[in-house]
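The next block holds one structure in the form of structure tokens; read it before the comments.
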Amino acid sequence: MKKYKILLFTLVVATSLIWSACSKEQKWSDKLKGKWNVEAIKLNNTTDVDLSDAKHTIEFLGGKRAYTASFKGIYTIDYNDQLLKDISDTFRYDIKDNQIAITSTQTTKVRTLIRFRYILETLNGSELFFNKTPLDTTTAYLKANR
């Protein structure tokens, strides 16, 4: 009987730990959901990417089961010059703990801009800041607002 009580207690504790981890990622996903205007991007120890020639937006579509699921997003580049063709690219992302990984894109242009694993440093109602720098020696970040 004592073995069953210990087993039951262990299952309850493990379930609650998994549930709390899942709900944390779901909260991040719910806050992230929506369209963001990209203000700044920095890549590989260079200066900021020049965003003055186009409007860049990133949209996270979200979903349920954020801890175990991969979600879709859309990155759009709307060029000021009417002769340039705008880009709208879908991507996949997943959230684990306080990190987001953008794992696939369709176009090379968008891939070089956003396809990294970032720490979600700031995510509130109107500000978003992803930072890759603390994860390794490569400097990269993405800053956006609503």
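Residue numbers start at 1 in each chain; chains themselves are named A, B, ... in the order of the structure tokens; ligands are numbered from 1 in the order shown.
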
Using only C-alpha atoms, which residues sit within 9 Å of Phe129 in chain A once same-chain residues fewer than 3 positions away are excluded, as JSON, numbers by chain? {"A": [119, 120, 121, 122, 123, 141, 142, 143, 144, 145]}

Please identify all polymer residues within 9 Å of Arg65 in chain A, counting only C-alpha atoms, omitting same-chain residues fewer than 2 positions from it, and present them as a compact mmCIF listing (two decimals) with all heavy atoms, in the first residue's frame.
```txt
# COMPACT_ATOMS: atom_id res chain seq x y z
N CYS A 22 3.97 23.72 -19.20
CA CYS A 22 3.12 23.92 -20.39
C CYS A 22 2.38 25.24 -20.32
O CYS A 22 2.26 25.94 -21.31
CB CYS A 22 2.13 22.77 -20.52
SG CYS A 22 2.90 21.18 -20.88
N SER A 23 1.87 25.58 -19.16
CA SER A 23 1.10 26.81 -19.07
C SER A 23 2.01 28.03 -19.23
O SER A 23 1.57 29.06 -19.75
CB SER A 23 0.34 26.86 -17.74
OG SER A 23 1.22 26.91 -16.64
N GLU A 25 4.69 28.30 -21.28
CA GLU A 25 4.88 28.47 -22.71
C GLU A 25 3.60 28.96 -23.38
O GLU A 25 3.64 29.77 -24.29
CB GLU A 25 5.34 27.16 -23.36
CG GLU A 25 6.82 26.91 -23.25
CD GLU A 25 7.24 26.32 -21.92
OE1 GLU A 25 6.36 25.99 -21.10
OE2 GLU A 25 8.45 26.19 -21.69
N GLN A 26 2.45 28.48 -22.91
CA GLN A 26 1.18 28.92 -23.49
C GLN A 26 0.95 30.40 -23.22
O GLN A 26 0.46 31.13 -24.09
CB GLN A 26 0.01 28.08 -22.96
CG GLN A 26 -1.28 28.32 -23.70
CD GLN A 26 -1.18 27.94 -25.17
OE1 GLN A 26 -0.72 26.86 -25.52
NE2 GLN A 26 -1.58 28.84 -26.05
N GLY A 63 -1.45 29.26 -31.18
CA GLY A 63 -2.23 28.03 -31.14
C GLY A 63 -2.24 27.46 -29.74
O GLY A 63 -1.86 28.13 -28.78
N TYR A 67 3.87 24.11 -25.44
CA TYR A 67 5.07 23.38 -25.02
C TYR A 67 5.44 22.29 -26.00
O TYR A 67 6.61 22.00 -26.22
CB TYR A 67 4.87 22.80 -23.62
CG TYR A 67 6.11 22.13 -23.09
CD1 TYR A 67 7.18 22.89 -22.63
CD2 TYR A 67 6.23 20.76 -23.06
CE1 TYR A 67 8.33 22.29 -22.16
CE2 TYR A 67 7.38 20.15 -22.58
CZ TYR A 67 8.42 20.92 -22.13
OH TYR A 67 9.56 20.32 -21.67
N THR A 68 4.45 21.68 -26.64
CA THR A 68 4.72 20.53 -27.51
C THR A 68 4.49 20.82 -28.99
O THR A 68 4.82 20.00 -29.82
CB THR A 68 3.81 19.33 -27.12
OG1 THR A 68 2.45 19.75 -27.22
CG2 THR A 68 4.11 18.86 -25.72
N ALA A 69 3.93 21.97 -29.32
CA ALA A 69 3.56 22.25 -30.71
C ALA A 69 4.51 23.25 -31.36
O ALA A 69 5.20 24.01 -30.69
CB ALA A 69 2.14 22.78 -30.77
N SER A 70 4.51 23.22 -32.67
CA SER A 70 5.22 24.21 -33.49
C SER A 70 4.15 25.03 -34.20
O SER A 70 3.18 24.49 -34.70
CB SER A 70 6.11 23.48 -34.50
OG SER A 70 6.75 24.39 -35.33
```

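Between Ser52 in chain A and the candidates A:Tyr79, A:Lys64, A:Lys96, A:Ser29, the tightest atom-to-atom separation, counting only C-alpha atoms, involves A:Tyr79.
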
DSSP strand (DSSP E or B) residues within chain A, listed as a ChimeraX atom specification: /A:34-43,48,54-60,71-79,87-96,99-105,117-123,127-131,140-145

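When DSSP reads the backbone of this structure, the residues of range 72-122 of chain A it assigns to alpha helix (DSSP H) are Thr108, Lys109, Val110, Arg111, Thr112, Leu113 and Ile114 of chain A.
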
Print the selection's residues with C-alpha atoms to a file, as an mmCIF file, in the first residue's frame.
```
data_model
loop_
_atom_site.group_PDB
_atom_site.id
_atom_site.type_symbol
_atom_site.label_atom_id
_atom_site.label_comp_id
_atom_site.auth_asym_id
_atom_site.auth_seq_id
_atom_site.Cartn_x
_atom_site.Cartn_y
_atom_site.Cartn_z
ATOM 1 C CA THR A 108 16.484 32.960 -48.213
ATOM 2 C CA LYS A 109 15.970 36.704 -47.621
ATOM 3 C CA VAL A 110 13.765 36.117 -44.569
ATOM 4 C CA ARG A 111 15.876 33.149 -43.411
ATOM 5 C CA THR A 112 18.961 35.346 -43.086
ATOM 6 C CA LEU A 113 16.997 37.957 -41.125
ATOM 7 C CA ILE A 114 15.146 35.927 -38.485
#
```

Using only C-alpha atoms, I'd like a table of the residues in range 15-129 of chain A that come within 9 Å of range 133-138 of chain A; for each, show the closest atom pair and its distance in Å rounded to one decimal, ordered by chain and ascending number, as a tab-separated table.
```
residue	atom	partner	partner_atom	distance
A:Leu43	CA	A:Thr138	CA	8.0
A:Asn44	CA	A:Thr138	CA	5.5
A:Asn45	CA	A:Thr138	CA	6.7
A:Arg117	CA	A:Leu135	CA	8.1
A:Tyr118	CA	A:Leu135	CA	7.6
A:Ile119	CA	A:Pro134	CA	7.8
```

Requested write-out: all heavy atoms of the selected residues, as a compact mmCIF listing (two decimals), in the first residue's frame:
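Once written, result28.txt looks like this:
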```
# COMPACT_ATOMS: atom_id res chain seq x y z
N LEU A 43 22.40 41.55 -36.97
CA LEU A 43 22.86 40.22 -37.35
C LEU A 43 24.37 40.12 -37.27
O LEU A 43 25.08 41.00 -37.73
CB LEU A 43 22.45 39.89 -38.80
CG LEU A 43 20.96 39.90 -39.10
CD1 LEU A 43 20.74 39.78 -40.59
CD2 LEU A 43 20.28 38.78 -38.36
N ASN A 44 24.86 39.05 -36.69
CA ASN A 44 26.26 38.63 -36.77
C ASN A 44 27.29 39.74 -36.56
O ASN A 44 28.14 39.98 -37.40
CB ASN A 44 26.52 37.93 -38.10
CG ASN A 44 25.64 36.73 -38.26
OD1 ASN A 44 25.33 36.03 -37.30
ND2 ASN A 44 25.19 36.48 -39.47
N ASN A 45 27.18 40.41 -35.45
CA ASN A 45 28.16 41.42 -35.05
C ASN A 45 28.30 42.58 -36.05
O ASN A 45 29.32 43.24 -36.09
CB ASN A 45 29.52 40.78 -34.79
CG ASN A 45 29.45 39.75 -33.70
OD1 ASN A 45 28.80 39.97 -32.68
ND2 ASN A 45 30.10 38.62 -33.90
N ARG A 117 17.57 31.02 -32.76
CA ARG A 117 16.97 30.73 -31.46
C ARG A 117 17.28 31.93 -30.58
O ARG A 117 18.42 32.34 -30.43
CB ARG A 117 17.55 29.46 -30.85
CG ARG A 117 16.93 29.08 -29.53
CD ARG A 117 17.37 27.69 -29.09
NE ARG A 117 18.81 27.57 -29.00
CZ ARG A 117 19.49 27.56 -27.86
NH1 ARG A 117 18.88 27.65 -26.71
NH2 ARG A 117 20.80 27.42 -27.88
N TYR A 118 16.23 32.51 -30.01
CA TYR A 118 16.36 33.73 -29.22
C TYR A 118 15.87 33.53 -27.79
O TYR A 118 15.06 32.65 -27.54
CB TYR A 118 15.46 34.85 -29.79
CG TYR A 118 15.69 35.23 -31.21
CD1 TYR A 118 14.93 34.68 -32.23
CD2 TYR A 118 16.61 36.22 -31.54
CE1 TYR A 118 15.10 35.08 -33.55
CE2 TYR A 118 16.78 36.63 -32.86
CZ TYR A 118 16.02 36.05 -33.86
OH TYR A 118 16.18 36.45 -35.15
N ILE A 119 16.30 34.41 -26.92
CA ILE A 119 15.71 34.53 -25.59
C ILE A 119 14.65 35.61 -25.69
O ILE A 119 14.89 36.68 -26.25
CB ILE A 119 16.77 34.89 -24.52
CG1 ILE A 119 17.72 33.71 -24.33
CG2 ILE A 119 16.12 35.28 -23.20
CD1 ILE A 119 18.84 33.96 -23.36
```

Name all residues at most 12 Å from Asp81 in chain A (count only C-alpha atoms; drop same-chain ones fewer than 6 positions away) and give them as number ranges by chain. A: 52-55

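Coordinates place CA of Asp48 in chain A at a distance of 20.5 Å from CA of Ala101 in chain A.
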
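Compared by their closest atoms to Lys132 in chain A, and using only C-alpha atoms, the residues A:Lys42, A:Lys2, A:Arg146, A:Lys85 rank with A:Lys42 nearest.
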
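Between CA of Ile74 in chain A and CA of Leu61 in chain A the interatomic distance comes to 7.9 Å.
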